[in-house]
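Engineer: File coords08.cif below, mmCIF, C-alpha atoms:
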```cif
data_model
loop_
_atom_site.group_PDB
_atom_site.id
_atom_site.type_symbol
_atom_site.label_atom_id
_atom_site.label_comp_id
_atom_site.auth_asym_id
_atom_site.auth_seq_id
_atom_site.Cartn_x
_atom_site.Cartn_y
_atom_site.Cartn_z
ATOM 1 C CA MET M 1 -49.118 -7.427 -30.345
ATOM 2 C CA TRP M 2 -47.490 -10.802 -31.030
ATOM 3 C CA GLN M 3 -48.103 -10.419 -34.752
ATOM 4 C CA TRP M 4 -46.313 -7.079 -34.693
ATOM 5 C CA LEU M 5 -43.311 -8.554 -32.813
ATOM 6 C CA LYS M 6 -43.160 -11.514 -35.209
ATOM 7 C CA LYS M 7 -43.212 -9.130 -38.181
ATOM 8 C CA TRP M 8 -40.340 -7.034 -36.774
ATOM 9 C CA TRP M 9 -38.369 -10.151 -35.751
ATOM 10 C CA ALA M 10 -38.730 -11.530 -39.294
ATOM 11 C CA LEU M 11 -37.588 -8.167 -40.682
ATOM 12 C CA ILE M 12 -34.547 -8.079 -38.405
ATOM 13 C CA ARG M 13 -33.572 -11.672 -39.277
ATOM 14 C CA SER M 14 -34.024 -11.282 -43.034
ATOM 15 C CA PRO M 15 -31.254 -10.076 -45.354
ATOM 16 C CA ALA M 16 -31.104 -6.369 -46.063
ATOM 17 C CA LYS M 17 -33.620 -6.118 -48.882
ATOM 18 C CA TYR M 18 -35.564 -3.134 -47.515
ATOM 19 C CA PHE M 19 -32.813 -0.986 -46.019
ATOM 20 C CA SER M 20 -29.773 0.367 -47.761
ATOM 21 C CA LEU M 21 -26.242 -0.432 -46.728
ATOM 22 C CA GLY M 22 -25.884 3.225 -45.721
ATOM 23 C CA PHE M 23 -28.856 2.972 -43.374
ATOM 24 C CA LEU M 24 -27.443 -0.172 -41.800
ATOM 25 C CA THR M 25 -23.988 1.410 -41.467
ATOM 26 C CA LEU M 26 -25.432 4.533 -39.876
ATOM 27 C CA GLY M 27 -27.522 2.363 -37.531
ATOM 28 C CA GLY M 28 -24.403 0.390 -36.566
ATOM 29 C CA PHE M 29 -22.485 3.609 -35.937
ATOM 30 C CA ILE M 30 -25.238 5.024 -33.749
ATOM 31 C CA ALA M 31 -25.497 1.737 -31.824
ATOM 32 C CA GLY M 32 -21.703 1.798 -31.346
ATOM 33 C CA VAL M 33 -21.786 5.352 -29.978
ATOM 34 C CA ILE M 34 -24.583 4.412 -27.573
ATOM 35 C CA PHE M 35 -22.710 1.282 -26.449
ATOM 36 C CA TRP M 36 -19.444 3.212 -25.986
ATOM 37 C CA GLY M 37 -21.206 5.944 -24.020
ATOM 38 C CA ALA M 38 -22.924 3.409 -21.783
ATOM 39 C CA PHE M 39 -19.664 1.488 -21.310
ATOM 40 C CA ASN M 40 -17.705 4.623 -20.323
ATOM 41 C CA THR M 41 -20.505 5.772 -18.030
ATOM 42 C CA GLY M 42 -20.400 2.379 -16.313
ATOM 43 C CA MET M 43 -16.606 2.526 -15.985
ATOM 44 C CA GLU M 44 -16.747 6.007 -14.470
ATOM 45 C CA PHE M 45 -19.479 4.934 -12.063
ATOM 46 C CA THR M 46 -17.338 2.024 -10.841
ATOM 47 C CA ASN M 47 -14.514 4.528 -10.227
ATOM 48 C CA SER M 48 -16.674 6.695 -7.986
ATOM 49 C CA GLU M 49 -16.420 6.860 -4.225
ATOM 50 C CA PRO M 50 -20.124 6.027 -3.682
ATOM 51 C CA PHE M 51 -19.624 2.790 -5.650
ATOM 52 C CA CYS M 52 -16.585 1.799 -3.582
ATOM 53 C CA ILE M 53 -18.117 2.581 -0.199
ATOM 54 C CA SER M 54 -21.273 0.672 -1.075
ATOM 55 C CA CYS M 55 -19.250 -2.384 -0.008
ATOM 56 C CA HIS M 56 -16.330 -0.892 1.946
ATOM 57 C CA GLU M 57 -17.967 1.731 4.170
ATOM 58 C CA ASP M 58 -17.581 -0.324 7.351
ATOM 59 C CA ASN M 59 -13.935 -1.259 6.904
ATOM 60 C CA VAL M 60 -11.321 0.453 4.719
ATOM 61 C CA TYR M 61 -13.343 3.616 4.095
ATOM 62 C CA GLN M 62 -13.421 4.286 7.841
ATOM 63 C CA GLU M 63 -9.644 3.821 8.002
ATOM 64 C CA ILE M 64 -8.785 6.351 5.300
ATOM 65 C CA GLN M 65 -10.778 9.120 7.002
ATOM 66 C CA GLY M 66 -7.993 9.715 9.530
ATOM 67 C CA THR M 67 -5.237 10.021 6.930
ATOM 68 C CA ILE M 68 -3.625 12.868 5.008
ATOM 69 C CA HIS M 69 -5.156 11.490 1.813
ATOM 70 C CA PHE M 70 -8.665 12.199 3.146
ATOM 71 C CA THR M 71 -8.323 15.524 4.991
ATOM 72 C CA ASN M 72 -5.386 17.891 4.667
ATOM 73 C CA ARG M 73 -4.404 21.541 4.678
ATOM 74 C CA THR M 74 -4.849 21.983 0.903
ATOM 75 C CA GLY M 75 -8.262 20.339 0.594
ATOM 76 C CA VAL M 76 -7.110 17.951 -2.139
ATOM 77 C CA ARG M 77 -8.517 14.527 -1.380
ATOM 78 C CA ALA M 78 -7.781 11.177 -2.946
ATOM 79 C CA ILE M 79 -10.714 8.876 -3.550
ATOM 80 C CA CYS M 80 -10.475 5.078 -3.745
ATOM 81 C CA SER M 81 -9.944 4.902 -7.510
ATOM 82 C CA ASP M 82 -7.069 7.403 -7.366
ATOM 83 C CA CYS M 83 -4.961 4.776 -5.600
ATOM 84 C CA HIS M 84 -6.537 1.511 -6.712
ATOM 85 C CA VAL M 85 -7.273 2.106 -10.411
ATOM 86 C CA PRO M 86 -4.659 3.185 -12.967
ATOM 87 C CA HIS M 87 -5.558 6.278 -14.964
ATOM 88 C CA ASP M 88 -4.301 4.991 -18.347
ATOM 89 C CA TRP M 89 -7.160 3.331 -20.257
ATOM 90 C CA THR M 90 -5.417 0.018 -21.024
ATOM 91 C CA ASP M 91 -4.126 -0.436 -17.486
ATOM 92 C CA LYS M 92 -7.538 0.612 -16.126
ATOM 93 C CA MET M 93 -9.305 -2.110 -18.127
ATOM 94 C CA ALA M 94 -6.819 -4.734 -16.945
ATOM 95 C CA ARG M 95 -7.363 -3.629 -13.329
ATOM 96 C CA LYS M 96 -11.149 -3.736 -13.757
ATOM 97 C CA MET M 97 -10.870 -7.352 -14.942
ATOM 98 C CA GLN M 98 -8.729 -8.190 -11.902
ATOM 99 C CA ALA M 99 -11.240 -6.443 -9.639
ATOM 100 C CA SER M 100 -13.985 -8.770 -10.835
ATOM 101 C CA LYS M 101 -12.445 -11.373 -8.481
ATOM 102 C CA GLU M 102 -12.910 -8.953 -5.608
ATOM 103 C CA VAL M 103 -16.535 -8.315 -6.557
ATOM 104 C CA TRP M 104 -17.065 -12.080 -6.748
ATOM 105 C CA ALA M 105 -15.542 -12.485 -3.274
ATOM 106 C CA TRP M 106 -18.012 -9.903 -1.953
ATOM 107 C CA ILE M 107 -21.001 -11.497 -3.721
ATOM 108 C CA THR M 108 -20.136 -14.980 -2.465
ATOM 109 C CA GLY M 109 -19.636 -13.696 1.076
ATOM 110 C CA ALA M 110 -15.890 -14.378 1.345
ATOM 111 C CA ILE M 111 -15.217 -10.798 2.563
ATOM 112 C CA SER M 112 -18.742 -9.593 3.368
ATOM 113 C CA THR M 113 -18.232 -8.983 7.089
ATOM 114 C CA PRO M 114 -15.507 -7.055 8.918
ATOM 115 C CA GLU M 115 -14.294 -10.324 10.475
ATOM 116 C CA LYS M 116 -14.036 -12.108 7.112
ATOM 117 C CA PHE M 117 -12.394 -9.049 5.587
ATOM 118 C CA ASP M 118 -9.781 -8.894 8.369
ATOM 119 C CA ALA M 119 -9.084 -12.626 8.022
ATOM 120 C CA ARG M 120 -8.127 -12.024 4.368
ATOM 121 C CA ARG M 121 -6.578 -8.574 4.866
ATOM 122 C CA LEU M 122 -2.938 -9.713 4.621
ATOM 123 C CA HIS M 123 -3.615 -11.705 1.455
ATOM 124 C CA MET M 124 -5.441 -8.780 -0.170
ATOM 125 C CA ALA M 125 -2.806 -6.256 0.955
ATOM 126 C CA GLU M 126 0.059 -8.387 -0.356
ATOM 127 C CA ARG M 127 -1.705 -8.735 -3.703
ATOM 128 C CA GLU M 128 -2.155 -4.949 -3.886
ATOM 129 C CA TRP M 129 1.447 -4.265 -2.832
ATOM 130 C CA THR M 130 2.706 -6.714 -5.461
ATOM 131 C CA ARG M 131 0.586 -5.034 -8.118
ATOM 132 C CA MET M 132 1.871 -1.590 -7.136
ATOM 133 C CA LYS M 133 5.484 -2.779 -6.969
ATOM 134 C CA LYS M 134 5.103 -4.320 -10.417
ATOM 135 C CA ASN M 135 3.778 -1.090 -11.952
ATOM 136 C CA ASP M 136 6.322 1.115 -10.102
ATOM 137 C CA SER M 137 3.600 2.616 -7.880
ATOM 138 C CA LEU M 138 1.937 4.175 -10.915
ATOM 139 C CA GLU M 139 -1.111 5.330 -8.979
ATOM 140 C CA CYS M 140 1.073 7.168 -6.435
ATOM 141 C CA ARG M 141 2.969 8.826 -9.262
ATOM 142 C CA ASN M 142 -0.237 10.132 -10.807
ATOM 143 C CA CYS M 143 -0.240 12.721 -7.989
ATOM 144 C CA HIS M 144 3.268 12.569 -6.494
ATOM 145 C CA GLU M 145 5.747 13.445 -9.235
ATOM 146 C CA PHE M 146 9.373 12.694 -8.266
ATOM 147 C CA SER M 147 10.792 15.602 -10.273
ATOM 148 C CA TYR M 148 8.626 18.077 -8.312
ATOM 149 C CA MET M 149 9.685 16.859 -4.867
ATOM 150 C CA ASP M 150 11.346 19.496 -2.695
ATOM 151 C CA PHE M 151 13.745 17.446 -0.592
ATOM 152 C CA THR M 152 14.419 20.429 1.681
ATOM 153 C CA GLN M 153 10.782 20.317 2.849
ATOM 154 C CA GLN M 154 10.987 16.619 3.753
ATOM 155 C CA SER M 155 12.272 14.973 6.889
ATOM 156 C CA GLN M 156 15.921 13.965 6.684
ATOM 157 C CA ARG M 157 15.038 10.263 6.502
ATOM 158 C CA ALA M 158 12.497 10.822 3.709
ATOM 159 C CA SER M 159 14.871 13.095 1.820
ATOM 160 C CA VAL M 160 17.655 10.499 1.929
ATOM 161 C CA GLN M 161 15.357 7.660 0.848
ATOM 162 C CA HIS M 162 13.690 9.633 -1.940
ATOM 163 C CA SER M 163 16.926 11.060 -3.332
ATOM 164 C CA SER M 164 18.658 7.668 -3.317
ATOM 165 C CA SER M 165 16.429 4.574 -3.468
ATOM 166 C CA LEU M 166 13.530 6.197 -5.296
ATOM 167 C CA ALA M 167 15.825 8.126 -7.629
ATOM 168 C CA ASP M 168 17.885 5.118 -8.687
ATOM 169 C CA GLY M 169 14.809 2.887 -9.105
ATOM 170 C CA SER M 170 15.836 0.320 -6.505
ATOM 171 C CA LYS M 171 12.626 1.026 -4.567
ATOM 172 C CA THR M 172 9.206 2.316 -5.390
ATOM 173 C CA CYS M 173 6.661 4.179 -3.253
ATOM 174 C CA ILE M 174 4.898 1.079 -1.882
ATOM 175 C CA ASP M 175 8.152 -0.378 -0.545
ATOM 176 C CA CYS M 176 8.188 2.216 2.242
ATOM 177 C CA HIS M 177 4.615 3.472 2.348
ATOM 178 C CA LYS M 178 2.600 0.343 3.149
ATOM 179 C CA GLY M 179 -0.314 1.300 5.340
ATOM 180 C CA ILE M 180 -0.287 4.937 4.202
ATOM 181 C CA ALA M 181 -4.087 4.980 3.915
ATOM 182 C CA HIS M 182 -5.305 1.738 5.494
ATOM 183 C CA ARG M 183 -4.624 -0.160 8.688
ATOM 184 C CA LEU M 184 -1.866 -2.693 8.212
ATOM 185 C CA PRO M 185 -2.692 -6.368 8.658
ATOM 186 C CA ASP M 186 -0.687 -8.587 10.984
ATOM 187 C CA MET M 187 2.755 -8.150 9.381
ATOM 188 C CA LYS M 188 4.418 -11.291 10.758
ATOM 189 C CA GLY M 189 6.562 -12.768 8.005
ATOM 190 C CA VAL M 190 6.342 -9.698 5.744
ATOM 191 C CA GLU M 191 9.761 -8.511 4.548
ATOM 192 C CA GLY M 192 10.932 -5.346 6.287
ATOM 193 C CA PHE M 193 8.592 -5.598 9.280
#
```
Can the structure from this file be put into structure tokens for me?
Structural biologist:
Amino acid sequence: MWQWLKKWWALIRSPAKYFSLGFLTLGGFIAGVIFWGAFNTGMEFTNSEPFCISCHEDNVYQEIQGTIHFTNRTGVRAICSDCHVPHDWTDKMARKMQASKEVWAWITGAISTPEKFDARRLHMAEREWTRMKKNDSLECRNCHEFSYMDFTQQSQRASVQHSSSLADGSKTCIDCHKGIAHRLPDMKGVEGF
């Protein structure tokens, strides 16, 4: 067994004297396709609801269940990644890198209990609101397109805000819709509250 492994290891380490450049190129292409497939499968898995609730079932997942984004008259339901992960590939990869801090916080126990999570809730919410403000509430706009809004079907307050502040770009969705899917933290010191 060891002799066989040594022979193959020597073959792999040696210059290409047995295999053609075409064989090596084809092998590299196939390896690239396999890597890309595995990478995309992993990315899609981390965008799934079961992945998210594996850590968040006892806190934020319970909160969303009572909202319009979870159960509504049309049966269209948003899952975690719809609001927390951009759909564009480049932005999605950047968000995944940012999320590695959140995974690290879970692994190290910084937010592993409901009490620890609540203690950091304002900090985490402010970071998410800042991110959404910075990207003009991109995740909201993936489903809620401004040009399709029927202002006559909205409350007067919403109609006025959407047709003025949202239309002229002075505000974005998250400015008014904090807490739309999750319980708000203690909002002392937060602008507008």
Engineer: For Pro86 in chain M, work out the shell of residues within 7 Å, counting all atoms listed in the file and skipping chain neighbours fewer than 2 positions away, then give it as a list of chain:residue names.
Structural biologist: M:His84, M:Asp88, M:Asp91, M:Lys92, M:Leu138, M:Glu139
Engineer: Just the selected residues (C-alpha atoms), exported as a PDB file, in the frame of the given file, please.
Structural biologist:
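Ended up saving to again-v1.pdb:
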```
ATOM      1  CA  HIS M  84      -6.537   1.511  -6.712  1.00  0.00           C
ATOM      2  CA  ASP M  88      -4.301   4.991 -18.347  1.00  0.00           C
ATOM      3  CA  ASP M  91      -4.126  -0.436 -17.486  1.00  0.00           C
ATOM      4  CA  LYS M  92      -7.538   0.612 -16.126  1.00  0.00           C
ATOM      5  CA  LEU M 138       1.937   4.175 -10.915  1.00  0.00           C
ATOM      6  CA  GLU M 139      -1.111   5.330  -8.979  1.00  0.00           C
TER       7      GLU M 139
END
```
Engineer: Kindly indicate which residue among M:Asp150, M:Glu102, M:Glu49, M:Asp58 lies nearest to Glu115 in chain M, using all atoms listed in the file for the distances.
Structural biologist: M:Asp58
Engineer: So which residues touch Met43 in chain M within 12 Å, counting only C-alpha atoms, skipping near sequence neighbours fewer than 5 positions away, as a list in words?
Structural biologist: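 Listed by chain and then number, they are Trp36, Gly37, Ala38, Ser48, Phe51, Ser81, Val85, His87, Trp89, Lys92, Met93, Arg95, Lys96 and Met97 of chain M.
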Engineer: Let me see the file: selected residues, C-alpha atoms, as a PDB file, keeping the file's coordinate frame.
Structural biologist:
```pdb
ATOM      1  CA  TRP M  36     -19.444   3.212 -25.986  1.00  0.00           C
ATOM      2  CA  GLY M  37     -21.206   5.944 -24.020  1.00  0.00           C
ATOM      3  CA  ALA M  38     -22.924   3.409 -21.783  1.00  0.00           C
ATOM      4  CA  SER M  48     -16.674   6.695  -7.986  1.00  0.00           C
ATOM      5  CA  PHE M  51     -19.624   2.790  -5.650  1.00  0.00           C
ATOM      6  CA  SER M  81      -9.944   4.902  -7.510  1.00  0.00           C
ATOM      7  CA  VAL M  85      -7.273   2.106 -10.411  1.00  0.00           C
ATOM      8  CA  HIS M  87      -5.558   6.278 -14.964  1.00  0.00           C
ATOM      9  CA  TRP M  89      -7.160   3.331 -20.257  1.00  0.00           C
ATOM     10  CA  LYS M  92      -7.538   0.612 -16.126  1.00  0.00           C
ATOM     11  CA  MET M  93      -9.305  -2.110 -18.127  1.00  0.00           C
ATOM     12  CA  ARG M  95      -7.363  -3.629 -13.329  1.00  0.00           C
ATOM     13  CA  LYS M  96     -11.149  -3.736 -13.757  1.00  0.00           C
ATOM     14  CA  MET M  97     -10.870  -7.352 -14.942  1.00  0.00           C
TER      15      MET M  97
END
```
Engineer: Give me the residues within 12 Å of His177 in chain M as number ranges by chain, counting all atoms listed in the file and dropping any in the same chain fewer than 3 places off.
Structural biologist: M: 129, 132-133, 137, 140, 158, 161-162, 171-174, 180-184, 192
Engineer: Please dump the current selection as a tab-separated table (two decimals), in the coordinates of the input; keep C-alpha atoms.
Structural biologist:
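What landed in out.tsv:
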```
chain	number	residue	atom	x	y	z
M	129	TRP	CA	1.45	-4.26	-2.83
M	132	MET	CA	1.87	-1.59	-7.14
M	133	LYS	CA	5.48	-2.78	-6.97
M	137	SER	CA	3.60	2.62	-7.88
M	140	CYS	CA	1.07	7.17	-6.44
M	158	ALA	CA	12.50	10.82	3.71
M	161	GLN	CA	15.36	7.66	0.85
M	162	HIS	CA	13.69	9.63	-1.94
M	171	LYS	CA	12.63	1.03	-4.57
M	172	THR	CA	9.21	2.32	-5.39
M	173	CYS	CA	6.66	4.18	-3.25
M	174	ILE	CA	4.90	1.08	-1.88
M	180	ILE	CA	-0.29	4.94	4.20
M	181	ALA	CA	-4.09	4.98	3.92
M	182	HIS	CA	-5.30	1.74	5.49
M	183	ARG	CA	-4.62	-0.16	8.69
M	184	LEU	CA	-1.87	-2.69	8.21
M	192	GLY	CA	10.93	-5.35	6.29
```
Engineer: When you count all atoms listed in the file, which of these residues is closest to Lys116 in chain M: M:Asn59, M:Phe193, M:Cys143, M:Asp186?
Structural biologist: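 The answer is M:Asn59, which sits nearest to Lys116 in chain M.
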Engineer: Might you pull out every residue within 12 Å of range 62-67 of chain M, with all atoms listed in the file counted and same-chain residues fewer than 2 positions away left off, and present them as a list in words?
Structural biologist: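 Counting only the stated atoms, we get Ile53, Cys55, His56, Glu57, Asp58, Asn59, Val60, His69, Phe70, Thr71, Asn72, Arg73, Arg77, Ala78, Ile79, Cys80, Cys83, Pro114, Gly179, Ile180, Ala181, His182, Arg183 and Leu184 of chain M.
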Engineer: Quick one: pull the distance between CA of Phe117 in chain M and CA of Gly189 in chain M, Å, one decimal.
Structural biologist: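 Taking CA of Phe117 in chain M as the start and CA of Gly189 in chain M as the end point, the length is 19.5 Å.
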Engineer: Please compute the CA of Trp9 in chain M-CA of Val33 in chain M distance, one decimal, in Å.
Structural biologist: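 Between CA of Trp9 in chain M and CA of Val33 in chain M the gap is 23.4 Å.
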Engineer: What gap, in Å, lies between CA of Asp82 in chain M and CA of Phe146 in chain M?
Structural biologist: 17.3 Å
Engineer: Counting only C-alpha atoms, note down every residue that has an atom within 8 Å of the point (-12.1, -11.4, 0.0) (file coordinates), as a JSON list (two decimals) with C-alpha atoms, in the frame of the given file.
Structural biologist:
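Resulting contents of result-v7.json:
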```json
[["chain", "number", "residue", "atom", "x", "y", "z"],
["M", 102, "GLU", "CA", -12.91, -8.95, -5.61],
["M", 105, "ALA", "CA", -15.54, -12.48, -3.27],
["M", 106, "TRP", "CA", -18.01, -9.90, -1.95],
["M", 109, "GLY", "CA", -19.64, -13.70, 1.08],
["M", 110, "ALA", "CA", -15.89, -14.38, 1.34],
["M", 111, "ILE", "CA", -15.22, -10.80, 2.56],
["M", 112, "SER", "CA", -18.74, -9.59, 3.37],
["M", 116, "LYS", "CA", -14.04, -12.11, 7.11],
["M", 117, "PHE", "CA", -12.39, -9.05, 5.59],
["M", 120, "ARG", "CA", -8.13, -12.02, 4.37],
["M", 121, "ARG", "CA", -6.58, -8.57, 4.87],
["M", 124, "MET", "CA", -5.44, -8.78, -0.17]]
```
Engineer: Please output range 145-156 of chain M, rebuilt to include all heavy atoms, as an mmCIF file, in the coordinates of the input.
Structural biologist:
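out_2.cif, freshly written:
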```
data_model
loop_
_atom_site.group_PDB
_atom_site.id
_atom_site.type_symbol
_atom_site.label_atom_id
_atom_site.label_comp_id
_atom_site.auth_asym_id
_atom_site.auth_seq_id
_atom_site.Cartn_x
_atom_site.Cartn_y
_atom_site.Cartn_z
ATOM 1 N N GLU M 145 4.720 13.472 -8.188
ATOM 2 C CA GLU M 145 5.747 13.445 -9.235
ATOM 3 C C GLU M 145 7.126 13.635 -8.618
ATOM 4 O O GLU M 145 7.381 14.641 -7.940
ATOM 5 C CB GLU M 145 5.453 14.539 -10.256
ATOM 6 C CG GLU M 145 6.472 14.677 -11.353
ATOM 7 C CD GLU M 145 6.573 13.441 -12.226
ATOM 8 O OE1 GLU M 145 5.530 12.899 -12.613
ATOM 9 O OE2 GLU M 145 7.721 13.011 -12.496
ATOM 10 N N PHE M 146 8.029 12.668 -8.846
ATOM 11 C CA PHE M 146 9.373 12.694 -8.266
ATOM 12 C C PHE M 146 10.112 13.989 -8.615
ATOM 13 O O PHE M 146 10.752 14.606 -7.755
ATOM 14 C CB PHE M 146 10.176 11.485 -8.739
ATOM 15 C CG PHE M 146 11.591 11.477 -8.253
ATOM 16 C CD1 PHE M 146 11.887 11.130 -6.946
ATOM 17 C CD2 PHE M 146 12.636 11.832 -9.098
ATOM 18 C CE1 PHE M 146 13.200 11.141 -6.485
ATOM 19 C CE2 PHE M 146 13.940 11.843 -8.644
ATOM 20 C CZ PHE M 146 14.225 11.493 -7.339
ATOM 21 N N SER M 147 10.022 14.424 -9.846
ATOM 22 C CA SER M 147 10.792 15.602 -10.273
ATOM 23 C C SER M 147 10.321 16.892 -9.598
ATOM 24 O O SER M 147 11.029 17.885 -9.607
ATOM 25 C CB SER M 147 10.735 15.753 -11.797
ATOM 26 O OG SER M 147 9.408 15.930 -12.233
ATOM 27 N N TYR M 148 9.127 16.883 -8.996
ATOM 28 C CA TYR M 148 8.626 18.077 -8.312
ATOM 29 C C TYR M 148 8.867 18.040 -6.806
ATOM 30 O O TYR M 148 8.502 18.974 -6.104
ATOM 31 C CB TYR M 148 7.115 18.249 -8.554
ATOM 32 C CG TYR M 148 6.736 18.411 -9.998
ATOM 33 C CD1 TYR M 148 5.547 17.899 -10.472
ATOM 34 C CD2 TYR M 148 7.560 19.068 -10.899
ATOM 35 C CE1 TYR M 148 5.187 18.041 -11.804
ATOM 36 C CE2 TYR M 148 7.210 19.220 -12.229
ATOM 37 C CZ TYR M 148 6.023 18.709 -12.674
ATOM 38 O OH TYR M 148 5.668 18.852 -13.978
ATOM 39 N N MET M 149 9.461 16.966 -6.303
ATOM 40 C CA MET M 149 9.685 16.859 -4.867
ATOM 41 C C MET M 149 10.723 17.878 -4.407
ATOM 42 O O MET M 149 11.765 18.047 -5.028
ATOM 43 C CB MET M 149 10.157 15.456 -4.492
ATOM 44 C CG MET M 149 9.096 14.416 -4.572
ATOM 45 S SD MET M 149 9.727 12.815 -3.999
ATOM 46 C CE MET M 149 8.283 11.813 -4.236
ATOM 47 N N ASP M 150 10.419 18.558 -3.313
ATOM 48 C CA ASP M 150 11.346 19.496 -2.695
ATOM 49 C C ASP M 150 11.931 18.784 -1.479
ATOM 50 O O ASP M 150 11.315 18.723 -0.421
ATOM 51 C CB ASP M 150 10.604 20.769 -2.282
ATOM 52 C CG ASP M 150 11.529 21.820 -1.673
ATOM 53 O OD1 ASP M 150 12.737 21.524 -1.463
ATOM 54 O OD2 ASP M 150 11.038 22.925 -1.400
ATOM 55 N N PHE M 151 13.126 18.243 -1.652
ATOM 56 C CA PHE M 151 13.745 17.446 -0.592
ATOM 57 C C PHE M 151 14.030 18.275 0.660
ATOM 58 O O PHE M 151 14.115 17.728 1.753
ATOM 59 C CB PHE M 151 15.034 16.781 -1.093
ATOM 60 C CG PHE M 151 14.797 15.825 -2.233
ATOM 61 C CD1 PHE M 151 15.487 15.965 -3.429
ATOM 62 C CD2 PHE M 151 13.878 14.807 -2.123
ATOM 63 C CE1 PHE M 151 15.270 15.091 -4.474
ATOM 64 C CE2 PHE M 151 13.651 13.925 -3.172
ATOM 65 C CZ PHE M 151 14.351 14.074 -4.352
ATOM 66 N N THR M 152 14.152 19.583 0.520
ATOM 67 C CA THR M 152 14.419 20.429 1.681
ATOM 68 C C THR M 152 13.191 20.543 2.586
ATOM 69 O O THR M 152 13.325 20.896 3.750
ATOM 70 C CB THR M 152 14.862 21.849 1.263
ATOM 71 O OG1 THR M 152 13.781 22.495 0.571
ATOM 72 C CG2 THR M 152 16.093 21.795 0.371
ATOM 73 N N GLN M 153 12.016 20.251 2.069
ATOM 74 C CA GLN M 153 10.782 20.317 2.849
ATOM 75 C C GLN M 153 10.438 18.978 3.492
ATOM 76 O O GLN M 153 9.446 18.863 4.196
ATOM 77 C CB GLN M 153 9.620 20.770 1.963
ATOM 78 C CG GLN M 153 9.779 22.170 1.410
ATOM 79 C CD GLN M 153 9.772 23.209 2.512
ATOM 80 O OE1 GLN M 153 8.914 23.200 3.385
ATOM 81 N NE2 GLN M 153 10.756 24.102 2.485
ATOM 82 N N GLN M 154 11.245 17.953 3.224
ATOM 83 C CA GLN M 154 10.987 16.619 3.753
ATOM 84 C C GLN M 154 11.848 16.363 4.980
ATOM 85 O O GLN M 154 12.867 17.019 5.183
ATOM 86 C CB GLN M 154 11.293 15.561 2.677
ATOM 87 C CG GLN M 154 10.431 15.700 1.446
ATOM 88 C CD GLN M 154 10.809 14.701 0.361
ATOM 89 O OE1 GLN M 154 11.723 13.894 0.522
ATOM 90 N NE2 GLN M 154 10.096 14.753 -0.756
ATOM 91 N N SER M 155 11.428 15.370 5.761
ATOM 92 C CA SER M 155 12.272 14.973 6.889
ATOM 93 C C SER M 155 13.594 14.448 6.331
ATOM 94 O O SER M 155 13.677 14.058 5.158
ATOM 95 C CB SER M 155 11.585 13.879 7.721
ATOM 96 O OG SER M 155 11.541 12.668 6.984
ATOM 97 N N GLN M 156 14.617 14.416 7.170
ATOM 98 C CA GLN M 156 15.921 13.965 6.684
ATOM 99 C C GLN M 156 15.853 12.525 6.174
ATOM 100 O O GLN M 156 16.407 12.206 5.135
ATOM 101 C CB GLN M 156 16.981 14.092 7.772
ATOM 102 C CG GLN M 156 18.357 13.702 7.257
ATOM 103 C CD GLN M 156 19.473 14.052 8.208
ATOM 104 O OE1 GLN M 156 19.273 14.748 9.194
ATOM 105 N NE2 GLN M 156 20.658 13.578 7.895
#
```
